[in-house]
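Next up, target.cif (mmCIF, C-alpha atoms):
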data_structure
#
loop_
_atom_site.label_atom_id
_atom_site.label_comp_id
_atom_site.auth_asym_id
_atom_site.auth_seq_id
_atom_site.Cartn_x
_atom_site.Cartn_y
_atom_site.Cartn_z
CA MET A 276 107.85 115.22 106.30
CA SER A 277 109.82 112.15 107.11
CA ALA A 278 111.93 109.97 104.80
CA ARG A 279 113.75 106.70 105.01
CA VAL A 280 116.70 105.68 102.82
CA ALA A 281 116.60 102.36 100.98
CA PRO A 282 119.79 100.29 100.50
CA GLY A 283 122.09 101.39 97.69
CA TRP A 284 122.40 99.49 94.43
CA ALA A 285 125.80 98.03 95.39
CA THR A 286 124.39 96.52 98.57
CA ARG A 287 121.46 95.07 96.69
CA VAL A 288 123.68 93.57 93.98
CA VAL A 289 126.00 91.91 96.50
CA THR A 290 123.06 90.58 98.52
CA VAL A 291 121.27 89.17 95.48
CA ALA A 292 124.49 87.62 94.17
CA ALA A 293 125.21 85.92 97.51
CA VAL A 294 121.66 84.60 97.77
CA LEU A 295 121.73 83.28 94.21
CA LEU A 296 125.07 81.52 94.85
CA VAL A 297 123.73 79.80 97.97
CA ALA A 298 120.47 78.87 96.23
CA THR A 299 122.31 77.44 93.20
CA VAL A 300 124.68 75.27 95.25
CA ALA A 301 121.86 74.05 97.51
CA ALA A 302 119.60 73.34 94.53
CA ILE A 303 122.27 71.25 92.76
CA VAL A 304 123.01 69.14 95.86
CA SER A 305 119.32 68.75 96.69
CA PHE A 306 118.53 67.84 93.08
CA GLU A 307 121.12 65.07 93.09
CA HIS A 308 119.85 63.66 96.39
CA MET A 309 116.25 63.57 95.18
CA ARG A 310 117.26 62.09 91.84
CA GLU A 311 119.17 59.34 93.63
CA VAL A 312 116.14 58.49 95.81
CA ALA A 313 113.84 58.45 92.80
CA ASP A 314 116.27 56.20 90.90
CA ARG A 315 116.33 53.75 93.81
CA ALA A 316 112.54 53.71 93.70
CA GLY A 317 112.73 52.46 90.10
CA GLU A 318 111.69 55.67 88.32
CA GLN A 319 114.58 55.25 85.81
CA TRP A 320 114.70 58.29 83.46
CA ARG A 321 111.83 59.92 85.33
CA ALA A 322 114.18 60.30 88.29
CA TRP A 323 115.57 63.38 86.55
CA LEU A 324 112.14 65.04 86.50
CA LEU A 325 110.92 64.43 90.05
CA PRO A 326 113.40 66.88 91.70
CA LEU A 327 112.20 69.59 89.31
CA SER A 328 108.61 69.04 90.44
CA VAL A 329 109.57 69.37 94.10
CA ASP A 330 111.80 72.45 93.84
CA GLY A 331 109.50 73.91 91.19
CA LEU A 332 106.59 73.68 93.63
CA VAL A 333 108.59 75.64 96.20
CA VAL A 334 109.42 78.34 93.65
CA ALA A 335 105.84 78.54 92.34
CA ALA A 336 104.32 78.80 95.82
CA SER A 337 106.84 81.51 96.80
CA MET A 338 106.04 83.55 93.69
CA VAL A 339 102.32 83.31 94.39
CA LEU A 340 102.89 84.54 97.94
CA LEU A 341 104.99 87.43 96.62
CA THR A 342 102.35 88.41 94.05
CA ARG A 343 99.55 88.36 96.60
CA HIS A 344 101.67 90.30 99.07
CA ARG A 345 102.22 93.08 96.51
CA ALA A 346 98.49 93.16 95.80
CA GLY A 347 97.78 93.59 99.51
CA LEU A 348 96.12 90.16 99.79
CA PRO A 349 96.77 87.38 102.31
CA GLY A 350 98.98 84.52 101.14
CA GLY A 351 96.18 81.96 101.08
CA ARG A 352 96.00 78.45 102.48
CA LEU A 353 96.80 76.73 99.17
CA ALA A 354 100.00 78.72 98.52
CA TRP A 355 101.30 78.13 102.05
CA SER A 356 100.39 74.45 101.90
CA ALA A 357 102.23 74.07 98.59
CA LEU A 358 105.30 75.84 99.97
CA LEU A 359 105.44 73.77 103.15
CA GLY A 360 104.70 70.58 101.23
CA GLY A 361 107.49 71.21 98.74
CA VAL A 362 110.00 72.00 101.49
CA GLY A 363 108.91 68.89 103.43
CA ALA A 364 109.21 66.62 100.39
CA SER A 365 112.66 68.01 99.62
CA LEU A 366 113.79 67.46 103.21
CA ALA A 367 112.45 63.90 103.25
CA ALA A 368 114.16 63.01 99.95
CA ASN A 369 117.48 64.47 101.03
CA VAL A 370 117.39 62.65 104.37
CA ALA A 371 116.44 59.39 102.63
CA ALA A 372 119.47 59.69 100.35
CA ALA A 373 121.88 59.93 103.32
CA GLU A 374 123.62 57.15 105.19
CA PRO A 375 121.71 55.89 108.24
CA ALA A 376 123.60 58.11 110.67
CA THR A 377 122.54 61.29 112.45
CA THR A 378 125.40 63.40 111.14
CA ALA A 379 124.89 62.21 107.57
CA ARG A 380 121.15 62.95 107.70
CA VAL A 381 121.69 66.44 109.11
CA VAL A 382 124.24 67.19 106.37
CA ALA A 383 121.90 65.79 103.71
CA ALA A 384 118.94 67.86 105.00
CA TRP A 385 120.91 71.10 104.88
CA PRO A 386 120.73 71.73 101.07
CA ALA A 387 116.92 71.58 101.08
CA LEU A 388 116.69 74.07 103.95
CA ALA A 389 119.36 76.32 102.44
CA PHE A 390 117.56 76.41 99.10
CA ALA A 391 114.20 77.33 100.68
CA VAL A 392 115.70 80.02 102.93
CA ALA A 393 117.89 81.48 100.15
CA PHE A 394 114.93 81.73 97.80
CA GLU A 395 112.85 83.48 100.47
CA LEU A 396 115.70 85.96 101.05
CA LEU A 397 115.77 86.65 97.33
CA LEU A 398 112.05 87.40 97.38
CA GLN A 399 112.56 89.78 100.29
CA GLN A 400 115.06 91.70 98.21
CA ARG A 401 112.42 92.04 95.53
CA ARG A 402 110.00 93.50 98.07
CA MET A 403 112.41 96.22 99.17
CA PRO A 404 112.13 99.72 97.65
CA ALA A 405 114.66 101.03 95.15
CA ALA A 406 117.69 103.05 96.28
CA GLY A 407 117.10 106.64 97.23
CA PRO A 408 115.01 108.49 99.77
CA VAL A 409 111.47 107.28 100.12
CA VAL A 410 109.24 110.07 101.33
CA GLU A 411 106.33 109.02 103.43
CA PRO A 412 103.07 110.73 102.63
CA VAL A 413 102.01 113.46 105.01
CA GLU A 414 98.37 113.89 105.80
CA ARG A 415 97.12 117.29 104.70
CA VAL A 416 94.86 119.24 107.01
CA VAL A 417 92.05 120.94 105.09
CA GLU A 418 90.72 124.02 106.80
CA ASP A 419 86.98 124.50 107.02
CA PRO A 420 85.57 127.04 104.55
CA PRO A 421 84.41 130.34 106.04
CA SER A 422 80.82 130.49 107.20
CA PRO A 423 78.43 131.87 104.55
CA ASP A 424 76.79 134.03 107.24
CA LEU A 425 80.02 135.95 107.75
CA VAL A 426 80.23 138.48 104.92
CA VAL A 427 82.94 141.09 104.99
CA ASP A 428 82.83 143.86 102.43
CA VAL A 429 86.45 144.93 102.04
CA ASP A 430 85.69 147.39 99.22
CA GLU A 431 83.40 149.67 101.26
CA PRO A 432 85.40 152.66 102.54
CA VAL A 433 85.21 153.46 106.22
CA GLU A 434 84.63 157.11 106.98
CA PRO A 435 86.87 158.43 109.75
CA ALA A 436 85.23 160.00 112.78
CA PRO A 437 85.09 163.78 112.50
CA GLU A 438 87.63 165.63 114.55
CA VAL A 439 86.21 167.86 117.29
CA ASP A 440 87.73 171.34 117.62
CA PRO A 441 87.86 172.09 121.33
CA LEU A 442 87.67 175.85 120.67
CA ALA A 443 84.57 175.39 118.53
CA ALA A 444 82.98 173.24 121.20
CA ARG A 445 83.80 175.83 123.86
CA ALA A 446 82.41 178.59 121.65
CA ALA A 447 79.18 176.62 121.25
CA GLU A 448 78.91 176.34 125.03
CA LEU A 449 79.33 180.11 125.36
CA VAL A 450 76.66 180.70 122.73
CA ASP A 451 74.26 178.36 124.52
CA ALA A 452 74.95 179.99 127.86
CA ALA A 453 74.36 183.49 126.40
CA HIS A 454 71.11 182.41 124.77
CA ALA A 455 69.97 180.87 128.03
CA GLU A 456 70.47 184.28 129.74
CA GLY A 457 68.64 186.02 126.93
CA ARG A 458 71.60 187.89 125.56
CA PRO A 459 73.63 187.50 122.35
CA ALA A 460 77.15 186.09 122.32
CA GLY A 461 79.38 188.56 120.53
CA ARG A 462 82.82 188.17 119.10
CA ARG A 463 84.35 190.29 121.80
CA THR A 464 82.88 188.16 124.58
CA VAL A 465 83.92 184.90 122.93
CA ALA A 466 87.42 186.25 122.24
CA ARG A 467 87.81 187.31 125.86
CA GLU A 468 86.53 183.98 127.25
CA LEU A 469 88.62 181.81 124.91
CA GLY A 470 91.71 183.99 124.86
CA VAL A 471 91.75 184.38 121.08
CA THR A 472 91.53 187.30 118.71
CA GLU A 473 88.18 188.74 117.70
CA TYR A 474 88.82 187.55 114.16
CA ARG A 475 89.32 184.00 115.41
CA ALA A 476 86.23 184.34 117.60
CA GLY A 477 84.22 185.37 114.56
CA GLN A 478 85.37 182.24 112.70
CA LEU A 479 84.36 180.04 115.63
CA LEU A 480 80.94 181.67 115.85
CA ALA A 481 80.45 181.17 112.10
CA ARG A 482 81.38 177.51 112.35
CA THR A 483 79.06 177.08 115.29
CA ALA A 484 76.20 178.55 113.29
CA ASN A 485 76.96 176.41 110.19
CA ASN A 486 77.21 173.13 112.18
CA GLY A 487 74.05 173.79 114.14
CA MET A 488 76.00 173.97 117.39
CA GLY A 489 74.54 176.33 119.90
CA GLY A 490 71.38 178.24 119.53
CA ARG A 491 68.26 178.88 121.45
CA PRO A 492 66.49 175.83 122.91
#
Take the structure in this file and express it as structure tokens.
Amino acid sequence: MSARVAPGWATRVVTVAAVLLVATVAAIVSFEHMREVADRAGEQWRAWLLPLSVDGLVVAASMVLLTRHRAGLPGGRLAWSALLGGVGASLAANVAAAEPATTARVVAAWPALAFAVAFELLLQQRRMPAAGPVVEPVERVVEDPPSPDLVVDVDEPVEPAPEVDPLAARAAELVDAAHAEGRPAGRRTVARELGVTEYRAGQLLARTANNGMGGRP
């Protein structure tokens, strides 16, 4: 699991405050330049409204782009056209309000650019996640279910293999050999061959008879 840490609240507050300060100063200067140009064009009291339509178009287009970005949609041709058109109109009005000199026109164009860039930076702050670790989702691997053909009965007890007594097996061999020669296998013979007592030999012969070991073919 991996995680990334978003900026803290203090960093976000300072960044937003700086962006708002730049945007406010640039908007005031740009507003005055556009109002002056509109007044020269004879708009009279309407000169106070035209700057609002230009900067308002920039703000509206930026908000539409932000909303569509959050919805996972492309910005759209209309929103981008409105944004670029508003920035272009603001630049043209600010340059027109300047003295006919290169330095004066560059200085006059700066507020319009600063306002557009500052507002875009503010929107980027809105797109960033809140402070704290952001855990990226981890893909879970689902194991395949067991095959239905494979059935294991865990409740059925498994009987252990019977233990083979080597003395009993040897006694059975002696009984078989005696029967093959046509003579009985007595306790004394089995005791002598196996090196056990006659009592033990009798037990082995009894076990051999009970288990069906030995006997005539």
- Reference answer for the PyMOL selection byres ((chain A and resi 318-330) around 9), as a ChimeraX atom specification: /A:302,305-317,331-335,360-362,364-365,387,390-391
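In this structure, atom CA of Ala466 of chain A sits 10.6 Å away from atom CA of Leu449 of chain A.
The protein and nucleic acid residues lying at most 12 Å from Thr290 of chain A are A:Pro282, A:Gly283, A:Trp284, A:Ala285, A:Thr286, A:Arg287, A:Val288, A:Ala292, A:Ala293, A:Val294, A:Leu295, A:Leu296, A:Val297, A:Ala393, A:Leu396, A:Leu397, A:Leu398, A:Gln399, A:Gln400, A:Arg401, with only C-alpha atoms considered and sequence neighbours fewer than 2 positions away removed.
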- Long-range neighbours of Ala476 of chain A as a list in words, 7 Å cut-off, all atoms listed in the file, 5 positions minimum in chain: Arg462, Val465, Ala466 and Val471 of chain A
- Using only C-alpha atoms, the residue out of A:Pro386, A:Val450, A:Tyr474, A:Arg467 with shortest distance to Val300 of chain A is A:Pro386
